[in-house]
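*Asks:* What follows is the file upload-v9.txt, containing compact mmCIF, C-alpha atoms:
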```txt
# COMPACT_ATOMS: atom_id res chain seq x y z
CA MET A 1 93.81 24.56 125.27
CA SER A 2 94.33 28.07 123.96
CA GLU A 3 92.32 31.02 125.25
CA SER A 4 90.34 31.70 122.06
CA VAL A 5 89.27 28.04 121.67
CA SER A 6 88.10 27.85 125.26
CA LYS A 7 86.04 31.02 124.87
CA ASP A 8 84.42 29.58 121.76
CA VAL A 9 83.56 26.38 123.63
CA MET A 10 82.00 28.45 126.42
CA LYS A 11 79.94 30.44 123.90
CA LYS A 12 78.71 27.24 122.31
CA HIS A 13 77.68 25.80 125.70
CA ASN A 14 75.91 29.02 126.64
CA LYS A 15 74.05 29.12 123.34
CA GLU A 16 72.88 25.53 123.79
CA TYR A 17 71.75 26.28 127.34
CA LEU A 18 69.75 29.30 126.18
CA GLU A 19 68.02 27.22 123.52
CA THR A 20 66.80 24.78 126.18
CA LEU A 21 65.98 27.50 128.71
CA TYR A 22 63.65 29.70 126.67
CA PRO A 23 60.88 27.12 126.09
CA THR A 24 60.93 26.01 129.74
CA LEU A 25 60.64 29.62 130.95
CA LEU A 26 57.68 30.25 128.64
CA GLU A 27 55.99 27.05 129.74
CA LYS A 28 56.49 27.94 133.42
CA LYS A 29 55.06 31.40 132.83
CA ARG A 30 51.97 30.00 131.12
CA LYS A 31 51.29 27.51 133.93
CA GLY A 32 52.03 30.03 136.71
CA LEU A 33 49.72 32.70 135.28
CA GLU A 34 47.01 30.11 134.71
CA LYS A 35 47.14 29.01 138.36
CA LEU A 36 47.11 32.59 139.65
CA ILE A 37 44.18 33.65 137.47
CA ASN A 38 42.10 30.51 138.08
CA ASP A 39 42.55 30.57 141.87
CA LYS A 40 42.30 34.33 142.24
CA LYS A 41 39.03 34.31 144.21
CA ALA A 42 40.34 31.75 146.70
CA ILE A 43 43.69 33.55 147.13
CA VAL A 44 42.08 36.95 147.79
CA GLN A 45 39.94 35.48 150.60
CA LEU A 46 42.98 34.10 152.48
CA ASN A 47 44.61 35.95 155.40
CA PRO A 48 47.88 37.86 154.65
CA ILE A 49 50.22 35.15 155.97
CA ARG A 50 48.58 32.42 153.88
CA GLN A 51 48.56 34.79 150.90
CA TYR A 52 52.29 35.33 151.48
CA ILE A 53 52.96 31.57 151.31
CA VAL A 54 50.88 31.19 148.13
CA PHE A 55 52.56 34.14 146.41
CA THR A 56 56.10 33.02 147.24
CA LEU A 57 55.30 29.58 145.80
CA LEU A 58 53.49 30.70 142.65
CA LEU A 59 55.26 33.93 141.67
CA LYS A 60 58.68 32.29 141.33
CA ASP A 61 57.49 30.69 138.06
CA ILE A 62 56.87 34.06 136.42
CA LEU A 63 59.91 35.91 137.84
CA HIS A 64 61.69 36.15 134.52
CA HIS A 65 58.96 37.95 132.62
CA LYS A 66 57.82 41.54 132.85
CA ASP A 67 55.21 42.05 130.16
CA SER A 68 51.75 43.59 130.37
CA GLU A 69 50.18 40.23 131.33
CA VAL A 70 52.44 39.77 134.36
CA ILE A 71 52.15 43.40 135.53
CA GLU A 72 48.36 43.22 135.23
CA CYS A 73 48.30 40.03 137.29
CA LEU A 74 50.49 41.58 140.03
CA ASN A 75 48.37 44.73 140.14
CA SER A 76 45.17 42.68 140.48
CA PHE A 77 46.57 41.17 143.72
CA GLY A 78 47.73 44.57 145.02
CA LEU A 79 51.43 43.71 144.68
CA ASN A 80 52.29 46.93 142.90
CA LYS A 81 54.58 48.78 145.32
CA HIS A 82 57.63 46.57 145.94
CA THR A 83 57.14 43.15 144.31
CA HIS A 84 57.38 44.34 140.71
CA LYS A 85 61.02 45.41 141.39
CA VAL A 86 62.07 41.73 141.40
CA PHE A 87 60.66 41.02 137.94
CA LYS A 88 62.76 41.46 134.80
CA ASP A 89 62.33 40.40 131.23
CA PHE A 90 65.09 37.90 130.54
CA SER A 91 64.95 38.03 126.74
CA THR A 92 66.53 41.50 126.93
CA THR A 93 68.92 40.43 129.71
CA PHE A 94 70.31 37.56 127.66
CA LYS A 95 70.78 39.84 124.66
CA GLN A 96 72.87 42.13 126.87
CA LEU A 97 74.73 39.12 128.30
CA ASN A 98 75.62 37.89 124.82
CA ILE A 99 77.15 41.27 124.01
CA PHE A 100 78.94 41.37 127.37
CA GLN A 101 80.32 37.89 126.76
CA ASP A 102 82.02 39.04 123.56
CA TYR A 103 84.20 41.67 125.19
CA SER A 104 84.64 40.32 128.74
CA GLU A 105 88.05 38.98 129.75
CA PHE A 106 86.59 36.21 131.90
CA LEU A 107 84.33 33.22 131.35
CA PHE A 108 80.88 32.85 132.85
CA PRO A 109 78.72 29.77 132.22
CA TYR A 110 75.09 30.87 131.92
CA GLN A 111 73.83 27.81 133.76
CA THR A 112 75.75 28.60 136.97
CA THR A 113 75.06 32.31 136.70
CA PHE A 114 71.36 31.83 136.09
CA GLY A 115 71.02 29.22 138.87
CA PHE A 116 72.49 31.42 141.61
CA LEU A 117 70.64 34.45 140.28
CA GLU A 118 67.35 32.58 140.47
CA LEU A 119 68.04 31.66 144.12
CA HIS A 120 68.79 35.30 144.89
CA LEU A 121 65.63 36.50 143.15
CA ILE A 122 63.44 33.98 145.00
CA ASN A 123 64.83 35.25 148.32
CA LYS A 124 64.32 38.84 147.18
CA LEU A 125 60.75 37.97 146.18
CA LYS A 126 60.04 36.71 149.71
CA GLU A 127 61.28 40.00 151.14
CA GLU A 128 59.37 42.25 148.73
CA VAL A 129 56.06 40.31 148.96
CA ALA A 130 56.27 40.64 152.75
CA TYR A 131 56.64 44.43 152.37
CA ASP A 132 53.65 44.60 150.03
CA LEU A 133 51.44 42.56 152.38
CA ASN A 134 52.63 44.52 155.46
CA ILE A 135 54.14 41.43 157.09
CA ASP A 136 57.03 41.83 159.53
CA LEU A 137 59.22 38.75 159.01
CA PHE A 138 61.35 39.39 162.11
CA LYS A 139 58.25 39.62 164.28
CA ILE A 140 57.07 36.22 162.97
CA ALA A 141 60.49 34.67 163.62
CA LYS A 142 60.43 36.06 167.17
CA LYS A 143 56.96 34.58 167.76
CA ILE A 144 58.03 31.13 166.48
CA VAL A 145 61.11 31.12 168.74
CA GLU A 146 58.99 32.18 171.74
CA LYS A 147 56.44 29.46 170.98
CA LYS A 148 59.20 26.86 170.76
CA LYS A 149 60.61 27.97 174.12
CA MET A 150 57.10 27.90 175.60
CA VAL A 151 56.51 24.32 174.37
CA VAL A 152 59.79 23.16 175.95
CA TYR A 153 58.93 24.99 179.21
CA LEU A 154 55.46 23.39 179.37
CA LEU A 155 56.94 19.94 178.71
CA CYS A 156 59.42 20.42 181.59
CA LEU A 157 56.55 21.45 183.90
CA MET A 158 54.54 18.39 182.85
CA ILE A 159 57.49 16.05 183.54
CA CYS A 160 58.08 17.58 187.00
CA PHE A 161 54.38 17.27 187.79
CA LEU A 162 54.25 13.64 186.67
CA LYS A 163 57.38 12.83 188.73
CA GLN A 164 55.74 14.32 191.81
CA ILE A 165 52.63 12.17 191.32
CA LYS A 166 54.80 9.08 191.02
CA MET B 1 56.51 18.79 165.70
CA PHE B 2 59.44 21.12 166.47
CA ASP B 3 61.75 18.23 167.28
CA ASP B 4 60.95 16.60 163.93
CA LEU B 5 61.56 19.90 162.11
CA PHE B 6 64.89 20.53 163.84
CA PHE B 7 65.99 16.94 163.25
CA LYS B 8 65.35 17.40 159.52
CA THR B 9 67.18 20.75 159.39
CA ASN B 10 70.16 19.29 161.24
CA GLN B 11 70.24 16.43 158.73
CA MET B 12 70.14 18.98 155.90
CA ILE B 13 73.03 20.97 157.41
CA GLU B 14 75.12 17.81 157.78
CA PHE B 15 74.38 16.85 154.15
CA ILE B 16 75.47 20.28 152.87
CA GLU B 17 78.61 20.31 155.02
CA GLU B 18 79.62 16.88 153.70
CA ASN B 19 78.82 17.33 150.01
CA TYR B 20 79.26 21.06 149.37
CA PRO B 21 81.94 22.32 151.78
CA THR B 22 82.61 25.56 149.81
CA ILE B 23 78.97 26.71 149.66
CA LYS B 24 78.24 29.57 152.04
CA TYR B 25 74.93 29.76 153.92
CA TYR B 26 73.59 30.97 157.25
CA LYS B 27 73.43 28.13 159.71
CA ASN B 28 72.25 28.09 163.25
CA LYS B 29 71.27 24.68 164.51
CA LYS B 30 69.48 26.10 167.56
CA ASN B 31 67.55 28.84 165.79
CA MET B 32 66.71 27.96 162.18
CA THR B 33 63.91 30.55 161.85
CA ASN B 34 66.30 33.47 162.32
CA ALA B 35 68.78 31.87 159.91
CA ALA B 36 66.05 31.48 157.25
CA ILE B 37 64.85 35.06 157.63
CA HIS B 38 68.45 36.34 157.57
CA THR B 39 68.93 34.49 154.26
CA ALA B 40 65.78 36.07 152.82
CA LEU B 41 66.73 39.61 153.87
CA TYR B 42 70.47 39.51 153.05
CA SER B 43 70.43 37.05 150.15
CA HIS B 44 73.10 38.99 148.22
CA LYS B 45 75.57 38.03 150.95
CA ILE B 46 74.80 34.36 150.32
CA CYS B 47 73.60 33.71 146.76
CA LEU B 48 75.65 36.37 145.02
CA TYR B 49 78.71 35.48 147.12
CA ASN B 50 78.33 31.85 145.99
CA LEU B 51 78.03 33.02 142.37
CA TYR B 52 81.18 35.17 142.77
CA ASP B 53 83.09 32.30 144.36
CA SER B 54 82.06 29.68 141.79
CA LEU B 55 82.91 31.96 138.84
CA LEU B 56 86.25 32.84 140.45
CA GLU B 57 87.14 29.17 140.87
CA PHE B 58 85.96 28.37 137.33
CA ASN B 59 88.16 31.09 135.81
CA LYS B 60 91.13 30.03 137.93
CA LYS B 61 90.82 26.45 136.66
CA ALA B 62 90.43 27.65 133.07
CA GLY B 63 93.62 29.70 133.41
CA TYR B 64 92.02 33.12 132.95
CA LEU B 65 92.72 34.36 136.44
CA ASP B 66 95.73 34.72 138.70
CA HIS B 67 96.44 36.77 141.82
CA ASN B 68 97.20 39.88 139.72
CA THR B 69 93.83 39.93 137.97
CA VAL B 70 91.49 39.42 140.95
CA GLY B 71 90.79 43.18 140.97
CA ASP B 72 89.79 43.05 137.30
CA PHE B 73 87.53 40.13 138.12
CA LYS B 74 85.70 42.28 140.69
CA VAL B 75 85.10 44.94 138.03
CA PHE B 76 83.84 42.23 135.64
CA PHE B 77 81.51 40.88 138.34
CA TYR B 78 80.11 44.36 139.06
CA ASP B 79 79.31 44.81 135.34
CA LEU B 80 77.75 41.33 135.24
CA LEU B 81 75.50 42.11 138.23
CA PHE B 82 74.50 45.41 136.63
CA ILE B 83 73.14 43.44 133.66
CA LEU B 84 71.56 40.61 135.68
CA LEU B 85 69.85 42.30 138.61
CA PRO B 86 66.36 43.70 138.08
CA ASP B 87 66.83 46.30 140.83
CA THR B 88 70.30 47.85 140.62
CA SER B 89 69.83 50.24 143.55
CA ILE B 90 72.18 48.15 145.72
CA LEU B 91 74.98 48.78 143.19
CA LYS B 92 74.62 52.54 143.28
CA LYS B 93 76.42 55.04 145.45
CA TYR B 94 75.31 55.85 148.97
CA ASP B 95 75.83 59.31 150.48
CA ASP B 96 78.51 58.20 152.94
CA GLU B 97 80.65 56.61 150.20
CA ASP B 98 81.49 59.90 148.44
CA LEU B 99 84.96 60.35 149.86
CA THR B 100 86.26 56.80 149.87
CA TYR B 101 84.70 55.16 146.81
CA GLY B 102 85.09 57.79 144.06
CA GLU B 103 82.83 58.14 141.01
CA THR B 104 80.46 55.32 140.00
CA ASN B 105 82.17 54.56 136.68
CA ASN B 106 85.61 54.18 138.25
CA THR B 107 87.13 50.75 138.65
CA ARG B 108 87.97 51.75 142.26
CA PHE B 109 84.28 52.30 143.01
CA LYS B 110 83.32 48.95 141.44
CA LYS B 111 85.96 47.00 143.38
CA LYS B 112 85.05 48.67 146.69
CA LYS B 113 81.34 48.14 146.09
CA ILE B 114 81.72 44.41 145.39
CA LYS B 115 83.92 44.08 148.47
CA SER B 116 81.45 45.85 150.77
CA LEU B 117 78.31 44.32 149.25
CA ILE B 118 79.28 40.67 148.87
CA LEU B 119 82.67 39.80 150.29
CA ARG B 120 82.49 41.50 153.70
```
Go ahead and render the structure in this file as structure tokens.
*Replies:*
Amino acid sequence: MSESVSKDVMKKHNKEYLETLYPTLLEKKRKGLEKLINDKKAIVQLNPIRQYIVFTLLLKDILHHKDSEVIECLNSFGLNKHTHKVFKDFSTTFKQLNIFQDYSEFLFPYQTTFGFLELHLINKLKEEVAYDLNIDLFKIAKKIVEKKKMVVYLLCLMICFLKQIK
Amino acid sequence: MFDDLFFKTNQMIEFIEENYPTIKYYKNKKNMTNAAIHTALYSHKICLYNLYDSLLEFNKKAGYLDHNTVGDFKVFFYDLLFILLPDTSILKKYDDEDLTYGETNNTRFKKKKIKSLILR
């Protein structure tokens, strides 16, 4: 297979992938925003840690959009300092990628690229939402580890005590 | 509860090790909470490394890459990340990199940045 043919094949695959991706992204955005707006009252009443869990689950559907609707929704929940950094409008990104693809020396399938990028952005979202809600993730991890140790310690004590009774 | 959770995570680790041996991830069978939080805070070291590695392998198989062009691939990957990432502050120059990394548009800077950010 010559180099030019292979690049053409890659371009064709990428174009097909984009055609399937756009409608799914729009659908996800619609559903995600709907959930956030409908359940807003309930979400606001939750404590920060529960809010953190809800946001990390729901916001990943609207990660790839940064229009006025999304920004308004984020601001209404008070996520306006750090979280908005993770959001980017992907219609402009894919335009830039198409141009980049034309002059780059190497191949990059959009499906692989987009998949790993999405994983990275979801992790980044977890970090930034924690900053916005003033949650210290390391402190929580430390507490969980301590609790686990405590449970094991208590179980050991119980076993010793039961052995003594026997 | 904890035993059940750790049994499931150990099963997951074994599944990944068997089926995806090249995938990089933080693993700590004794302390999964720290591993999970490490992944959330330093995800570029995991997710973007996996992206770099998979694209490198793909280009090698397609015949676009050999040992002489790995440096060029790093420059290509830097440019790709600059387009993809919403927050490009991690790709910019820090104060202590002035002497060793050169100017931001240089290929030297791009190669060094990718090496320090993802591959180290």
*Asks:* Only residues of chain B matter here; which ones have an atom within 9 Å of chain A, counting only C-alpha atoms? Give them as a PyMOL selection string.
*Replies:* chain B and resi 2+31+33-34+37-44+46-48+50-51+54-55+58-59+62-65+72-73+76+79-80+83-87
*Asks:* Interatomic distance between atom CA of A:Thr24 and atom CA of A:Ile53?
*Replies:*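 That distance, rounded to one decimal, is 23.7 Å.
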*Asks:* Between atom CA of B:Leu91 and atom CA of B:Lys110, what is the spacing in Å?
*Replies:*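 Between atom CA of B:Lys110 and atom CA of B:Leu91 the gap is 8.5 Å.
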*Asks:* Interatomic distance between atom CA of B:Leu119 and atom CA of B:Tyr78?
*Replies:* 12.4 Å
*Asks:* For stretch 77-79 of chain A, work out the shell of residues within 9 Å, counting all atoms listed in the file and skipping chain neighbours fewer than 5 positions away, then give it as a list in words.
*Replies:*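 Contacts, in chain order: Lys40, Ile43, Val44, Glu72, His84, Val129, Asp132 and Leu133 of chain A.
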*Asks:* Contacts of B:Tyr101 at 10 Å or less, counting all atoms listed in the file, minus same-chain residues fewer than 5 places along, as a list in words?
*Replies:*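 Contacts, in chain order: Lys93, Tyr94, Asp96, Asn106, Thr107, Arg108, Phe109, Lys110, Lys111, Lys112 and Lys113 of chain B.
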*Asks:* What residues have an atom no more than 12 Å from (55.4, 28.4, 133.9) in the file's own frame, counting all atoms listed in the file, and can you write them as an MDAnalysis selection string?
*Replies:* chainID A and resid 21:36 57:65 70
*Asks:* Of the candidates A:Ser91, A:Thr83, A:Gln111, A:Thr56, which one gets nearest to A:Tyr131 if we count only C-alpha atoms?
*Replies:*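 That would be A:Thr83, the residue with the smallest distance to A:Tyr131.
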*Asks:* Since the input lacks atoms, please generate all heavy atoms for stretch 101-112 of chain B and provide them as a PDB file, in the coordinates of the input.
*Replies:*
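See result_20.pdb below for the written result:
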```pdb
ATOM      1  N   TYR B 101      84.940  56.052 147.957  1.00  0.00           N
ATOM      2  CA  TYR B 101      84.700  55.160 146.810  1.00  0.00           C
ATOM      3  C   TYR B 101      84.922  55.809 145.441  1.00  0.00           C
ATOM      4  O   TYR B 101      85.074  55.111 144.464  1.00  0.00           O
ATOM      5  CB  TYR B 101      83.252  54.614 146.870  1.00  0.00           C
ATOM      6  CG  TYR B 101      83.041  53.515 147.872  1.00  0.00           C
ATOM      7  CD1 TYR B 101      83.772  53.466 149.036  1.00  0.00           C
ATOM      8  CD2 TYR B 101      82.108  52.519 147.644  1.00  0.00           C
ATOM      9  CE1 TYR B 101      83.581  52.471 149.970  1.00  0.00           C
ATOM     10  CE2 TYR B 101      81.902  51.511 148.574  1.00  0.00           C
ATOM     11  CZ  TYR B 101      82.640  51.503 149.738  1.00  0.00           C
ATOM     12  OH  TYR B 101      82.438  50.505 150.645  1.00  0.00           O
ATOM     13  N   GLY B 102      84.902  57.119 145.352  1.00  0.00           N
ATOM     14  CA  GLY B 102      85.090  57.790 144.060  1.00  0.00           C
ATOM     15  C   GLY B 102      83.839  57.773 143.215  1.00  0.00           C
ATOM     16  O   GLY B 102      82.744  57.469 143.699  1.00  0.00           O
ATOM     17  N   GLU B 103      83.996  58.076 141.919  1.00  0.00           N
ATOM     18  CA  GLU B 103      82.830  58.140 141.010  1.00  0.00           C
ATOM     19  C   GLU B 103      82.343  56.732 140.652  1.00  0.00           C
ATOM     20  O   GLU B 103      83.110  55.768 140.693  1.00  0.00           O
ATOM     21  CB  GLU B 103      83.213  58.900 139.735  1.00  0.00           C
ATOM     22  CG  GLU B 103      83.412  60.382 139.944  1.00  0.00           C
ATOM     23  CD  GLU B 103      82.194  61.068 140.529  1.00  0.00           C
ATOM     24  OE1 GLU B 103      81.088  60.831 140.023  1.00  0.00           O
ATOM     25  OE2 GLU B 103      82.341  61.817 141.509  1.00  0.00           O
ATOM     26  N   THR B 104      81.060  56.636 140.236  1.00  0.00           N
ATOM     27  CA  THR B 104      80.460  55.320 140.000  1.00  0.00           C
ATOM     28  C   THR B 104      81.071  54.550 138.820  1.00  0.00           C
ATOM     29  O   THR B 104      81.024  53.341 138.795  1.00  0.00           O
ATOM     30  CB  THR B 104      78.945  55.454 139.737  1.00  0.00           C
ATOM     31  OG1 THR B 104      78.710  56.671 139.091  1.00  0.00           O
ATOM     32  CG2 THR B 104      78.143  55.338 140.982  1.00  0.00           C
ATOM     33  N   ASN B 105      81.603  55.276 137.830  1.00  0.00           N
ATOM     34  CA  ASN B 105      82.170  54.560 136.680  1.00  0.00           C
ATOM     35  C   ASN B 105      83.600  54.095 136.905  1.00  0.00           C
ATOM     36  O   ASN B 105      84.137  53.343 136.100  1.00  0.00           O
ATOM     37  CB  ASN B 105      82.120  55.452 135.433  1.00  0.00           C
ATOM     38  CG  ASN B 105      80.696  55.645 134.962  1.00  0.00           C
ATOM     39  OD1 ASN B 105      79.845  54.803 135.196  1.00  0.00           O
ATOM     40  ND2 ASN B 105      80.438  56.770 134.328  1.00  0.00           N
ATOM     41  N   ASN B 106      84.214  54.559 137.979  1.00  0.00           N
ATOM     42  CA  ASN B 106      85.610  54.180 138.250  1.00  0.00           C
ATOM     43  C   ASN B 106      85.744  52.714 138.603  1.00  0.00           C
ATOM     44  O   ASN B 106      84.840  52.134 139.218  1.00  0.00           O
ATOM     45  CB  ASN B 106      86.156  54.980 139.451  1.00  0.00           C
ATOM     46  CG  ASN B 106      86.484  56.388 139.060  1.00  0.00           C
ATOM     47  OD1 ASN B 106      86.516  56.706 137.889  1.00  0.00           O
ATOM     48  ND2 ASN B 106      86.692  57.228 140.050  1.00  0.00           N
ATOM     49  N   THR B 107      86.886  52.143 138.261  1.00  0.00           N
ATOM     50  CA  THR B 107      87.130  50.750 138.650  1.00  0.00           C
ATOM     51  C   THR B 107      87.276  50.655 140.167  1.00  0.00           C
ATOM     52  O   THR B 107      86.886  49.654 140.767  1.00  0.00           O
ATOM     53  CB  THR B 107      88.408  50.209 137.995  1.00  0.00           C
ATOM     54  OG1 THR B 107      89.458  51.117 138.247  1.00  0.00           O
ATOM     55  CG2 THR B 107      88.227  50.003 136.523  1.00  0.00           C
ATOM     56  N   ARG B 108      87.818  51.729 140.790  1.00  0.00           N
ATOM     57  CA  ARG B 108      87.970  51.750 142.260  1.00  0.00           C
ATOM     58  C   ARG B 108      86.608  51.606 142.950  1.00  0.00           C
ATOM     59  O   ARG B 108      86.458  50.821 143.887  1.00  0.00           O
ATOM     60  CB  ARG B 108      88.638  53.060 142.684  1.00  0.00           C
ATOM     61  CG  ARG B 108      88.824  53.215 144.167  1.00  0.00           C
ATOM     62  CD  ARG B 108      89.458  54.564 144.490  1.00  0.00           C
ATOM     63  NE  ARG B 108      89.251  54.931 145.876  1.00  0.00           N
ATOM     64  CZ  ARG B 108      89.934  54.441 146.892  1.00  0.00           C
ATOM     65  NH1 ARG B 108      90.869  53.554 146.674  1.00  0.00           N
ATOM     66  NH2 ARG B 108      89.690  54.819 148.120  1.00  0.00           N
ATOM     67  N   PHE B 109      85.624  52.370 142.428  1.00  0.00           N
ATOM     68  CA  PHE B 109      84.280  52.300 143.010  1.00  0.00           C
ATOM     69  C   PHE B 109      83.718  50.884 142.882  1.00  0.00           C
ATOM     70  O   PHE B 109      83.171  50.325 143.835  1.00  0.00           O
ATOM     71  CB  PHE B 109      83.354  53.300 142.301  1.00  0.00           C
ATOM     72  CG  PHE B 109      81.912  53.167 142.717  1.00  0.00           C
ATOM     73  CD1 PHE B 109      81.460  53.755 143.889  1.00  0.00           C
ATOM     74  CD2 PHE B 109      81.007  52.429 141.968  1.00  0.00           C
ATOM     75  CE1 PHE B 109      80.146  53.622 144.293  1.00  0.00           C
ATOM     76  CE2 PHE B 109      79.688  52.289 142.367  1.00  0.00           C
ATOM     77  CZ  PHE B 109      79.258  52.895 143.528  1.00  0.00           C
ATOM     78  N   LYS B 110      83.889  50.285 141.685  1.00  0.00           N
ATOM     79  CA  LYS B 110      83.320  48.950 141.440  1.00  0.00           C
ATOM     80  C   LYS B 110      83.944  47.900 142.349  1.00  0.00           C
ATOM     81  O   LYS B 110      83.238  47.056 142.923  1.00  0.00           O
ATOM     82  CB  LYS B 110      83.523  48.562 139.966  1.00  0.00           C
ATOM     83  CG  LYS B 110      82.685  49.401 139.018  1.00  0.00           C
ATOM     84  CD  LYS B 110      82.937  49.066 137.572  1.00  0.00           C
ATOM     85  CE  LYS B 110      82.096  49.931 136.659  1.00  0.00           C
ATOM     86  NZ  LYS B 110      82.351  49.706 135.243  1.00  0.00           N
ATOM     87  N   LYS B 111      85.274  47.975 142.506  1.00  0.00           N
ATOM     88  CA  LYS B 111      85.960  47.000 143.380  1.00  0.00           C
ATOM     89  C   LYS B 111      85.503  47.151 144.814  1.00  0.00           C
ATOM     90  O   LYS B 111      85.198  46.168 145.495  1.00  0.00           O
ATOM     91  CB  LYS B 111      87.480  47.222 143.304  1.00  0.00           C
ATOM     92  CG  LYS B 111      88.132  46.709 142.042  1.00  0.00           C
ATOM     93  CD  LYS B 111      89.583  47.075 142.048  1.00  0.00           C
ATOM     94  CE  LYS B 111      90.188  46.964 140.671  1.00  0.00           C
ATOM     95  NZ  LYS B 111      91.547  47.500 140.609  1.00  0.00           N
ATOM     96  N   LYS B 112      85.454  48.410 145.283  1.00  0.00           N
ATOM     97  CA  LYS B 112      85.050  48.670 146.690  1.00  0.00           C
ATOM     98  C   LYS B 112      83.611  48.226 146.932  1.00  0.00           C
ATOM     99  O   LYS B 112      83.285  47.691 147.985  1.00  0.00           O
ATOM    100  CB  LYS B 112      85.176  50.165 146.984  1.00  0.00           C
ATOM    101  CG  LYS B 112      86.586  50.641 147.132  1.00  0.00           C
ATOM    102  CD  LYS B 112      86.901  50.826 148.584  1.00  0.00           C
ATOM    103  CE  LYS B 112      88.282  51.405 148.770  1.00  0.00           C
ATOM    104  NZ  LYS B 112      88.655  51.390 150.189  1.00  0.00           N
TER     105      LYS B 112
END
```
